[in-house]
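Note: the block below is protein-v8.txt and it holds compact mmCIF, C-alpha atoms.
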# COMPACT_ATOMS: atom_id res chain seq x y z
CA MET G 1 -18.22 59.31 19.93
CA LEU G 2 -16.26 62.44 19.20
CA ARG G 3 -13.80 64.00 21.67
CA ILE G 4 -13.18 67.72 21.57
CA THR G 5 -10.25 69.49 23.22
CA ALA G 6 -10.36 73.26 23.38
CA ASP G 7 -6.99 74.72 22.41
CA VAL G 8 -7.36 77.67 24.73
CA TYR G 9 -4.88 77.65 27.59
CA SER G 10 -1.14 78.21 27.59
CA GLY G 11 0.09 77.30 31.07
CA ARG G 12 -2.24 74.44 31.97
CA PRO G 13 -3.92 71.48 30.29
CA ASP G 14 -6.76 72.22 27.94
CA PRO G 15 -10.37 71.22 28.80
CA VAL G 16 -11.71 68.09 27.16
CA ALA G 17 -15.30 67.05 26.50
CA ASP G 18 -17.06 64.28 24.64
CA ILE G 19 -19.88 64.37 22.13
CA THR G 20 -21.43 61.07 23.10
CA ASP G 21 -24.55 61.19 20.97
CA GLU G 22 -23.61 59.25 17.87
CA ALA G 23 -26.09 61.08 15.65
CA GLN G 24 -24.84 64.46 16.79
CA ALA G 25 -21.23 63.40 16.37
CA ARG G 26 -21.96 62.28 12.83
CA ALA G 27 -23.89 65.44 12.04
CA ALA G 28 -21.02 67.57 13.31
CA LEU G 29 -18.46 65.64 11.28
CA ARG G 30 -20.68 65.80 8.23
CA GLU G 31 -20.94 69.56 8.54
CA LEU G 32 -17.22 69.94 9.14
CA THR G 33 -16.09 67.70 6.30
CA ARG G 34 -18.34 69.43 3.78
CA ASP G 35 -15.55 72.01 3.56
CA ARG G 36 -12.24 70.26 4.09
CA THR G 37 -10.33 73.52 4.23
CA LEU G 38 -11.82 74.07 7.70
CA PHE G 39 -9.49 71.58 9.39
CA THR G 40 -5.93 70.36 9.26
CA ALA G 41 -4.04 67.32 10.43
CA SER G 42 -1.94 69.34 12.83
CA ARG G 43 -2.00 72.56 14.80
CA PRO G 44 -0.67 75.57 12.90
CA SER G 45 2.68 76.95 14.01
CA GLU G 46 2.55 79.20 17.06
CA PRO G 47 2.96 82.60 15.34
CA LEU G 48 -0.20 81.96 13.33
CA THR G 49 -2.40 80.87 16.18
CA GLY G 50 -3.39 84.27 17.37
CA GLY G 51 -1.90 84.24 20.86
CA LEU G 52 -4.20 84.28 23.90
CA GLY G 53 -7.74 82.95 23.91
CA LEU G 54 -9.44 80.27 21.90
CA ARG G 55 -7.19 79.15 19.06
CA GLY G 56 -9.04 76.10 17.86
CA PHE G 57 -10.16 72.58 18.66
CA TRP G 58 -8.72 69.12 18.45
CA LEU G 59 -11.28 66.57 17.37
CA GLU G 60 -10.69 62.88 17.93
CA THR G 61 -12.59 59.87 16.66
CA PHE G 62 -12.35 56.52 18.40
CA ASP G 63 -13.51 54.00 15.87
CA ASP G 64 -12.22 53.47 12.40
CA GLY G 65 -15.74 53.30 10.99
CA LEU G 66 -16.59 56.90 11.87
CA ALA G 67 -13.21 58.09 10.60
CA ARG G 68 -13.63 56.11 7.39
CA ASP G 69 -17.19 57.31 6.81
CA PHE G 70 -15.99 60.91 6.77
CA ASP G 71 -12.52 60.23 5.40
CA VAL G 72 -10.69 61.84 8.33
CA ASP G 73 -7.75 60.82 10.45
CA SER G 74 -8.21 59.84 14.08
CA ARG G 75 -7.19 63.34 15.12
CA LEU G 76 -7.73 66.65 13.36
CA TYR G 77 -7.42 70.31 14.23
CA VAL G 78 -10.05 73.01 13.60
CA PRO G 79 -8.53 76.50 13.85
CA VAL G 80 -10.84 79.37 14.78
CA GLY G 81 -10.33 83.09 14.97
CA PRO G 82 -8.20 85.28 12.74
CA GLN G 83 -5.95 82.45 11.60
CA ALA G 84 -8.87 80.30 10.45
CA PRO G 85 -9.82 80.00 6.80
CA ALA G 86 -12.61 82.37 5.87
CA GLY G 87 -16.12 80.99 5.65
CA ARG G 88 -18.17 78.64 7.75
CA VAL G 89 -15.71 77.76 10.50
CA ALA G 90 -17.43 79.84 13.18
CA GLU G 91 -20.76 78.15 12.48
CA VAL G 92 -19.19 74.71 12.67
CA ALA G 93 -17.22 75.53 15.82
CA GLU G 94 -20.31 76.96 17.48
CA ARG G 95 -22.19 73.73 16.88
CA LEU G 96 -19.31 71.66 18.26
CA ILE G 97 -19.12 73.80 21.39
CA THR G 98 -22.85 73.61 21.90
CA ILE G 99 -23.28 69.86 21.64
CA ALA G 100 -20.18 68.83 23.64
CA ASP G 101 -20.80 67.79 27.25
CA TRP G 102 -18.45 70.20 29.06
CA GLY G 103 -20.04 69.51 32.44
CA ARG G 104 -18.82 65.91 32.67
CA ALA G 105 -15.24 64.74 32.49
CA PRO G 106 -14.83 62.09 29.78
CA ASP G 107 -14.91 58.65 31.37
CA THR G 108 -12.15 57.27 29.20
CA PHE G 109 -9.77 60.24 29.20
CA ALA G 110 -6.37 59.22 30.51
CA GLY G 111 -4.65 62.59 30.52
CA THR G 112 -4.89 65.63 32.76
CA ALA G 113 -7.74 68.02 32.06
CA PRO G 114 -8.91 70.82 34.32
CA PRO G 115 -12.43 70.48 35.71
CA VAL G 116 -14.88 72.77 33.95
CA ASP G 117 -18.62 73.18 34.14
CA GLU G 118 -21.37 74.17 31.75
CA SER G 119 -20.36 77.84 31.98
CA PHE G 120 -17.22 76.93 30.06
CA ARG G 121 -19.46 76.53 27.03
CA ASP G 122 -20.50 80.16 27.39
CA PHE G 123 -16.89 81.18 27.74
CA LEU G 124 -16.01 79.36 24.53
CA LEU G 125 -18.98 80.85 22.69
CA GLY G 126 -17.86 84.27 23.88
CA GLU G 127 -14.34 83.59 22.66
CA LEU G 128 -15.69 82.41 19.35
CA SER G 129 -17.87 85.46 18.99
CA GLY G 130 -14.70 87.51 18.86
CA SER G 131 -14.34 86.35 15.30
CA SER G 132 -17.88 85.99 14.03
CA THR G 133 -20.15 87.97 16.32
CA ALA G 134 -20.06 91.18 18.29
CA SER G 135 -21.78 91.76 21.61
CA VAL G 136 -23.42 95.19 21.67
CA GLN G 137 -25.94 97.13 23.71
CA ASP G 138 -29.41 97.53 22.25
CA GLY G 139 -31.15 100.37 24.03
CA THR G 140 -34.32 102.40 23.83
CA GLU G 141 -34.23 106.15 23.54
CA PRO G 142 -35.27 107.77 26.84
CA ALA G 143 -38.82 109.08 26.75
CA GLY G 144 -39.02 112.83 26.32
CA GLY G 145 -39.63 115.32 29.14
CA ALA G 146 -37.35 115.88 32.08
CA GLU G 147 -39.75 114.98 34.88
CA GLU G 148 -41.62 112.18 33.16
CA GLU G 149 -38.55 110.66 31.62
CA LEU G 150 -38.55 106.90 31.95
CA PRO G 151 -35.30 105.02 32.37
CA ALA G 152 -34.03 103.68 29.09
CA VAL G 153 -34.06 99.92 28.69
CA THR G 154 -30.82 98.39 27.50
CA CYS G 155 -30.22 94.78 26.54
CA GLN G 156 -26.98 93.09 25.60
CA ILE G 157 -27.30 91.36 22.23
CA GLU G 158 -25.08 89.73 19.63
CA LEU G 159 -24.66 90.61 15.97
CA GLY G 160 -23.28 87.93 13.69
CA ALA G 161 -21.00 88.53 10.74
CA PHE G 162 -22.80 88.28 7.40
CA ASN G 163 -21.97 84.84 6.01
CA PRO G 164 -24.34 84.09 3.10
CA GLY G 165 -22.12 81.28 1.83
CA PHE G 166 -23.18 79.09 4.74
CA TRP G 167 -26.74 79.22 3.40
CA ASN G 168 -26.11 79.47 -0.34
CA ASN G 169 -23.19 77.23 -1.27
CA ASP G 170 -24.98 73.92 -0.77
CA PRO G 171 -28.16 73.59 -2.90
CA THR G 172 -29.86 71.41 -0.28
CA VAL G 173 -29.12 73.87 2.52
CA GLN G 174 -30.35 76.76 0.40
CA SER G 175 -33.62 75.09 -0.61
CA SER G 176 -34.41 73.49 2.77
CA ASN G 177 -33.96 76.51 5.04
CA ASN G 178 -36.10 79.63 5.09
CA CYS G 179 -36.24 83.11 6.58
CA TYR G 180 -37.00 81.75 10.07
CA ASN G 181 -33.91 79.52 9.91
CA TYR G 182 -31.84 82.49 8.81
CA ALA G 183 -33.22 84.84 11.45
CA SER G 184 -32.59 82.18 14.10
CA ASN G 185 -29.17 81.44 12.57
CA TRP G 186 -29.90 77.72 12.81
CA ARG G 187 -29.94 75.31 9.93
CA THR G 188 -32.56 72.60 10.38
CA ASN G 189 -33.16 71.67 6.72
CA THR G 190 -36.88 71.54 7.64
CA PHE G 191 -38.06 74.96 6.39
CA ALA G 192 -38.64 75.87 10.03
CA GLN G 193 -42.02 77.22 11.06
CA PRO G 194 -42.66 79.47 14.07
CA GLY G 195 -44.16 77.45 16.90
CA ARG G 196 -43.63 74.02 15.38
CA GLY G 197 -40.65 73.35 17.63
CA CYS G 198 -42.59 74.15 20.79
CA GLY G 199 -45.60 72.17 19.62
CA SER G 200 -47.86 75.12 18.91
CA MET G 201 -47.43 76.33 15.34
CA TYR G 202 -49.28 79.42 14.14
CA THR G 203 -52.85 78.75 13.06
CA ARG G 204 -53.19 81.78 10.80
CA ILE G 205 -50.77 84.35 9.46
CA ASP G 206 -50.96 87.77 11.00
CA CYS G 207 -48.66 89.69 13.33
CA ALA G 208 -50.34 88.51 16.53
CA GLU G 209 -50.39 84.81 15.69
CA VAL G 210 -46.89 84.50 14.20
CA THR G 211 -45.59 86.53 17.14
CA ARG G 212 -47.32 84.15 19.56
CA ALA G 213 -45.76 81.16 17.83
CA ALA G 214 -42.26 82.69 17.80
CA LEU G 215 -42.51 83.59 21.49
CA CYS G 216 -43.60 80.01 22.13
CA ASP G 217 -40.36 78.85 20.47
CA GLY G 218 -38.51 81.09 22.92
CA MET G 219 -38.11 84.47 21.27
CA HIS G 220 -38.65 87.61 23.31
CA HIS G 221 -40.07 90.97 22.35
CA ARG G 222 -37.32 93.54 21.88
CA PHE G 223 -36.09 95.03 25.17
CA ASP G 224 -37.24 91.97 27.10
CA CYS G 225 -33.64 91.02 27.75
CA PHE G 226 -32.14 87.53 27.73
CA PRO G 227 -29.38 86.57 30.21
CA ASP G 228 -25.80 86.01 29.00
CA GLY G 229 -26.38 82.27 29.14
CA GLU G 230 -28.68 82.62 26.14
CA LYS G 231 -26.03 83.99 23.79
CA PRO G 232 -26.25 84.52 20.88
CA ARG G 233 -29.20 86.88 21.27
CA PHE G 234 -29.91 88.16 17.78
CA LEU G 235 -32.09 91.14 16.89
CA VAL G 236 -34.69 90.10 14.32
CA ALA G 237 -37.71 91.67 12.66
CA LEU G 238 -41.01 90.15 11.54
CA VAL G 239 -43.17 91.26 8.60
CA VAL G 240 -46.26 89.71 7.00
CA ILE G 241 -48.33 89.96 3.83
CA PRO G 242 -51.75 91.58 4.38
CA GLY G 243 -54.55 89.04 4.26
CA GLY G 244 -52.53 86.17 5.67
CA GLY G 245 -50.39 84.93 2.80
CA ASP G 246 -47.00 84.61 4.42
CA PHE G 247 -44.50 85.91 6.96
CA HIS G 248 -40.86 86.94 6.62
CA TRP G 249 -37.96 87.57 9.02
CA TYR G 250 -34.80 89.69 8.94
CA ARG G 251 -31.72 89.50 11.20
CA LYS G 252 -29.39 92.38 12.04
CA GLN G 253 -25.75 91.71 11.14
CA LYS G 254 -22.47 92.74 12.68
CA GLU G 255 -21.72 94.99 9.71
CA GLY G 256 -24.72 97.20 10.50
CA PHE G 257 -27.04 96.04 7.75
CA TRP G 258 -29.78 93.39 7.91
CA GLY G 259 -29.62 89.96 6.31
CA HIS G 260 -32.51 87.77 5.19
CA LYS G 261 -33.33 84.71 3.14
CA PRO G 262 -36.49 84.75 1.01
CA GLY G 263 -37.73 81.17 1.26
CA GLY G 264 -35.58 78.67 -0.58
CA THR G 265 -33.64 81.37 -2.41
CA ALA G 266 -30.24 82.79 -1.55
CA ALA G 267 -29.49 84.64 1.68
CA ARG G 268 -28.72 88.29 1.01
CA ASN G 269 -28.45 91.75 2.55
CA TYR G 270 -30.40 93.76 -0.03
CA ASP G 271 -34.08 94.45 -0.62
CA ASN G 272 -36.40 94.07 -3.62
CA SER G 273 -35.01 97.30 -5.06
CA GLY G 274 -31.44 96.08 -4.77
CA ASN G 275 -30.57 98.39 -1.88
CA VAL G 276 -28.58 97.22 1.14
CA ILE G 277 -31.01 97.00 4.08
CA TYR G 278 -30.16 99.36 6.92
CA ASP G 279 -33.74 99.71 8.12
CA PRO G 280 -36.19 96.82 7.60
CA GLU G 281 -39.10 99.17 8.29
CA THR G 282 -38.36 101.25 5.20
CA ALA G 283 -36.81 98.56 2.97
CA ASP G 284 -38.60 97.44 -0.21
CA ARG G 285 -40.27 94.30 1.10
CA GLY G 286 -42.46 93.52 -1.91
CA PRO G 287 -45.86 92.29 -0.72
CA TYR G 288 -44.74 91.97 2.93
CA THR G 289 -46.00 95.44 3.73
CA ILE G 290 -47.06 94.96 7.36
CA PHE G 291 -44.21 95.51 9.82
CA CYS G 292 -44.97 93.54 12.99
CA GLY G 293 -42.00 94.50 15.17
CA TYR G 294 -38.60 93.58 16.54
CA PHE G 295 -37.68 90.54 18.61
CA TYR G 296 -34.69 88.81 20.17
CA GLY G 297 -33.80 85.26 19.31
CA CYS G 298 -31.63 83.25 21.69
CA ASN G 299 -29.68 80.01 21.91
CA SER G 300 -32.46 77.84 23.33
CA GLN G 301 -34.97 79.28 20.86
CA ARG G 302 -32.85 78.54 17.85
CA GLN G 303 -32.19 75.00 18.99
CA ARG G 304 -35.93 74.50 19.48
CA ILE G 305 -37.04 75.51 16.00
CA ARG G 306 -38.24 72.77 13.69
CA MET S 1 -45.33 66.30 -12.54
CA ILE S 2 -45.50 68.75 -9.63
CA VAL S 3 -45.43 72.49 -10.25
CA GLU S 4 -44.15 74.63 -7.38
CA VAL S 5 -45.27 78.24 -7.29
CA ASP S 6 -42.20 80.04 -5.95
CA LEU S 7 -44.05 82.62 -3.92
CA TYR S 8 -43.44 82.49 -0.18
CA SER S 9 -40.57 83.08 2.20
CA GLY S 10 -41.67 81.57 5.50
CA ARG S 11 -44.31 79.06 4.48
CA PRO S 12 -43.64 76.22 2.07
CA ASN S 13 -44.54 77.19 -1.47
CA PRO S 14 -47.91 76.09 -2.87
CA ARG S 15 -47.80 73.22 -5.38
CA PHE S 16 -50.12 71.56 -7.80
CA ALA S 17 -50.00 68.46 -9.96
CA LEU S 18 -49.77 68.70 -13.72
CA GLU S 19 -51.73 65.92 -15.40
CA PRO S 20 -49.80 63.73 -17.89
CA ALA S 21 -51.45 65.34 -20.89
CA ALA S 22 -50.55 68.80 -19.59
CA ALA S 23 -46.99 67.68 -18.85
CA TYR S 24 -46.71 66.50 -22.45
CA GLU S 25 -48.05 69.84 -23.63
CA LEU S 26 -45.51 71.62 -21.42
CA ALA S 27 -42.66 69.69 -23.03
CA ARG S 28 -44.02 70.51 -26.49
CA ARG S 29 -44.27 74.22 -25.66
CA ILE S 30 -40.75 74.33 -24.22
CA GLU S 31 -39.28 72.72 -27.33
CA ALA S 32 -40.92 75.45 -29.41
CA LEU S 33 -39.24 78.30 -27.47
CA ALA S 34 -36.41 80.34 -28.94
CA PRO S 35 -33.13 80.95 -27.10
CA ALA S 36 -33.27 83.88 -24.68
CA GLY S 37 -31.20 87.02 -24.91
CA GLY S 38 -28.28 87.49 -22.58
CA ASP S 39 -29.92 90.10 -20.38
CA ALA S 40 -33.05 88.13 -19.43
CA ARG S 41 -33.17 87.42 -15.70
CA PRO S 42 -35.61 85.42 -13.56
CA ARG S 43 -37.62 87.13 -10.80
CA ASP S 44 -35.91 87.27 -7.41
CA GLY S 45 -36.56 88.62 -3.93
CA LEU S 46 -39.71 88.71 -1.85
CA GLY S 47 -43.03 87.87 -3.49
CA TYR S 48 -43.86 85.84 -6.59
CA ARG S 49 -40.71 84.55 -8.30
CA GLY S 50 -42.00 82.07 -10.86
CA LEU S 51 -42.75 78.37 -11.33
CA ARG S 52 -40.49 75.39 -10.75
CA MET S 53 -40.81 71.83 -11.98
CA ARG S 54 -38.71 68.69 -11.83
CA THR S 55 -38.88 65.74 -14.14
CA GLY S 56 -37.45 62.29 -13.60
CA PRO S 57 -36.55 60.56 -10.35
CA ASP S 58 -35.52 62.97 -7.63
CA ASP S 59 -32.04 61.54 -7.19
CA GLY S 60 -30.17 64.51 -8.60
CA ALA S 61 -28.42 62.40 -11.20
CA THR S 62 -31.16 62.27 -13.79
CA THR S 63 -33.42 65.12 -12.72
CA THR S 64 -34.27 67.91 -15.11
CA GLU S 65 -35.24 71.18 -13.43
CA ILE S 66 -37.37 73.70 -15.27
CA VAL S 67 -37.81 77.26 -14.01
CA VAL S 68 -40.32 79.56 -15.67
CA SER S 69 -39.93 83.11 -14.42
CA GLY S 70 -40.41 86.61 -15.74
CA GLY S 71 -40.20 85.76 -19.44
CA LEU S 72 -37.27 83.38 -19.08
CA VAL S 73 -37.35 79.58 -19.07
CA THR S 74 -34.27 77.83 -17.71
CA VAL S 75 -33.85 74.09 -18.25
CA ARG S 76 -31.14 72.41 -16.20
CA THR S 77 -30.08 68.85 -16.88
CA PRO S 78 -27.32 66.85 -15.18
CA ASP S 79 -25.27 66.91 -18.36
CA GLY S 80 -24.46 70.13 -20.13
CA PRO S 81 -24.98 73.82 -19.40
CA PRO S 82 -28.45 75.24 -18.62
CA ARG S 83 -30.64 76.12 -21.62
CA ARG S 84 -32.05 79.65 -21.46
CA LEU S 85 -35.20 80.12 -23.51
CA GLU S 86 -37.43 83.12 -24.11
CA ASP S 87 -41.01 82.95 -22.82
CA HIS S 88 -42.33 85.71 -25.05
CA GLY S 89 -45.12 87.66 -23.36
CA ARG S 90 -44.83 85.20 -20.48
CA GLU S 91 -47.27 82.97 -22.37
CA LEU S 92 -45.91 79.73 -20.96
CA GLU S 93 -46.00 81.10 -17.41
CA ARG S 94 -49.61 82.24 -17.92
CA TRP S 95 -50.60 78.85 -19.36
CA LEU S 96 -49.03 77.02 -16.41
CA LEU S 97 -50.83 79.22 -13.88
CA ASP S 98 -54.09 78.56 -15.70
CA GLU S 99 -53.40 74.85 -15.22
CA GLY S 100 -53.20 75.55 -11.49
CA ALA S 101 -56.62 77.20 -11.35
CA GLY S 102 -58.92 75.22 -9.09
CA LYS S 103 -55.93 73.45 -7.52
CA LEU S 104 -54.16 76.40 -5.91
CA ASP S 105 -55.33 78.63 -3.11
CA PRO S 106 -57.18 81.48 -4.89
CA ALA S 107 -55.19 84.17 -3.07
CA ALA S 108 -51.88 82.60 -4.06
CA LEU S 109 -53.04 82.24 -7.66
CA ALA S 110 -54.22 85.86 -7.72
CA THR S 111 -50.86 87.09 -6.41
CA ALA S 112 -49.00 85.17 -9.11
CA ARG S 113 -51.36 86.31 -11.87
CA GLN S 114 -51.02 89.90 -10.71
CA ASP S 115 -47.29 89.68 -11.36
CA LEU S 116 -48.01 88.76 -14.98
CA THR S 117 -49.46 92.23 -15.48
CA ARG S 118 -46.19 93.93 -14.52

Step by step, read the file and then write its structure as structure tokens.
Amino acid sequence: MLRITADVYSGRPDPVADITDEAQARAALRELTRDRTLFTASRPSEPLTGGLGLRGFWLETFDDGLARDFDVDSRLYVPVGPQAPAGRVAEVAERLITIADWGRAPDTFAGTAPPVDESFRDFLLGELSGSSTASVQDGTEPAGGAEEELPAVTCQIELGAFNPGFWNNDPTVQSSNNCYNYASNWRTNTFAQPGRGCGSMYTRIDCAEVTRAALCDGMHHRFDCFPDGEKPRFLVALVVIPGGGDFHWYRKQKEGFWGHKPGGTAARNYDNSGNVIYDPETADRGPYTIFCGYFYGCNSQRQRIR
Amino acid sequence: MIVEVDLYSGRPNPRFALEPAAAYELARRIEALAPAGGDARPRDGLGYRGLRMRTGPDDGATTTEIVVSGGLVTVRTPDGPPRRLEDHGRELERWLLDEGAGKLDPAALATARQDLTR
């Protein structure tokens, strides 16, 4: 078991939750300890902690075996936000927030912790997004003509900061995750396939069938909005090779360009001509010449992919 | 030995088995290659990128990785820096793809062969 305490409040005790699933606790520790600059033994001094809002997490282990396996002390601190070391910390923190059971007070916690519910997870993810993602409005242009003008559709979406190192620094991560993992911003190490997670993988490769499979995993067509509880809601684009060879996905980034990961190669933000991608419809996509359309990913979709 | 055609982004790459005699011939051909110039670069991006092979047990400690791509052959071993060799006229790449004929999906093979004409 892993206990997580959100270092978020100033005038009252911080919320505490447990990660009771042993496999998930180990996976989280494995991910965290891959880069040991992401955590410290103690909380940084106050002036560095960034003031109000989420400052970091305390993580506690309760058996010496788990601590020994990952060579960590019984208690460690993971800073997030501006004072955190650059790199993968937001990804790691997001996973910790997601898998912790915030809706149930830890049975064995002796201290004082305020009652929170599952919405606290969304609050933390929102706090975290302040450093790695931006929430923006994604809207259609109003249709032309004064009298026939249709109301514009606007959805709230998130744009993540471009962080290719998460995908490229570890050879196993790079080779075992593909464009669908990158677009979903979820590392499965399974070379995720649209529809496999929902039990209905594509049966051929064309726009209609890969779209069907991705919607089955939980994606939405663009402008079919997701609620706030499904953050992060990323804007992605699907393209295919004519004749059914393969599909490819792009994801829009916080910096305004689009990121992608061609198969087991490195994640990047440039196209086959070496140009930064600001429009996936006009980018040099090699043989992936059919543009299928834009979609939204979401939190439940990305956790479903396999 | 398994040859991976580094071709796709979403789907797993197609692969085919190289028979022992062909694997021996591959080793012989690689040993005959000259060192590559400093500006040679493997294919990258979307589409066909080259061919990848591994020799030895897949435990990372003793594996040799061979990448044949765009006129460059890169041999990586656990000990020592990568060897960069010149595949003049992409002859080795063409020979390897010919070995995959009848084993690979024809469309995938055609896409890879088309790249050889570039």

Query raised in the report: Residues of chain G within 7 Å of chain S, using all atoms listed in the file, as a PyMOL selection string?
Result: chain G and resi 178-180+246-248+262-263+272+285-287

What's around stretch 90-92 of chain S at 10 Å? Count all atoms listed in the file, leave out sequence neighbours fewer than 6 positions away in its own chain, and write the answer as a PDB file with C-alpha atoms, in the frame of the given file.
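Output saved as part19.pdb:
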ATOM      1  CA  LEU S  26     -45.510  71.620 -21.420  1.00  0.00           C
ATOM      2  CA  ARG S  29     -44.270  74.220 -25.660  1.00  0.00           C
ATOM      3  CA  ILE S  30     -40.750  74.330 -24.220  1.00  0.00           C
ATOM      4  CA  LEU S  33     -39.240  78.300 -27.470  1.00  0.00           C
ATOM      5  CA  VAL S  68     -40.320  79.560 -15.670  1.00  0.00           C
ATOM      6  CA  SER S  69     -39.930  83.110 -14.420  1.00  0.00           C
ATOM      7  CA  GLY S  70     -40.410  86.610 -15.740  1.00  0.00           C
ATOM      8  CA  GLY S  71     -40.200  85.760 -19.440  1.00  0.00           C
ATOM      9  CA  LEU S  72     -37.270  83.380 -19.080  1.00  0.00           C
ATOM     10  CA  VAL S  73     -37.350  79.580 -19.070  1.00  0.00           C
ATOM     11  CA  ASP S  98     -54.090  78.560 -15.700  1.00  0.00           C
ATOM     12  CA  LEU S 116     -48.010  88.760 -14.980  1.00  0.00           C
ATOM     13  CA  THR S 117     -49.460  92.230 -15.480  1.00  0.00           C
TER      14      THR S 117
END

Query - Counting only C-alpha atoms, the option among G:Asp64, G:Asp138, G:Asp14, G:Glu91 closest to G:Val116 - result: G:Asp14

Requested in this report: Could you check how far atom CA of S:Arg43 sits from atom CA of G:Gly274, in Å to one decimal?
Outcome: 12.4 Å

**Report entry** Gap from atom CA of G:Met1 to atom CA of G:Glu60 - Å, one decimal
**Finding:**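 According to the coordinates, atom CA of G:Met1 and atom CA of G:Glu60 are separated by 8.6 Å.
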
Report summary line: From atom CA of G:Ser273 to atom CA of G:Trp258 the spacing works out at 14.5 Å

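Using all atoms listed in the file, the nearest neighbour of S:Gly50 within the list S:Arg84, S:Arg76, S:Lys103, S:Arg94 is S:Arg94.
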
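Taking all atoms listed in the file into account, G:Phe120 lies nearest to G:Val8 out of the set G:Leu76, G:Cys198, G:Leu32, G:Val8.
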
Query raised in the report: Contacts of G:Pro15 at 8 Å or less, counting only C-alpha atoms, minus same-chain residues fewer than 2 places along, as a ChimeraX atom specification?
Result: /G:5-6,13,17,113-116
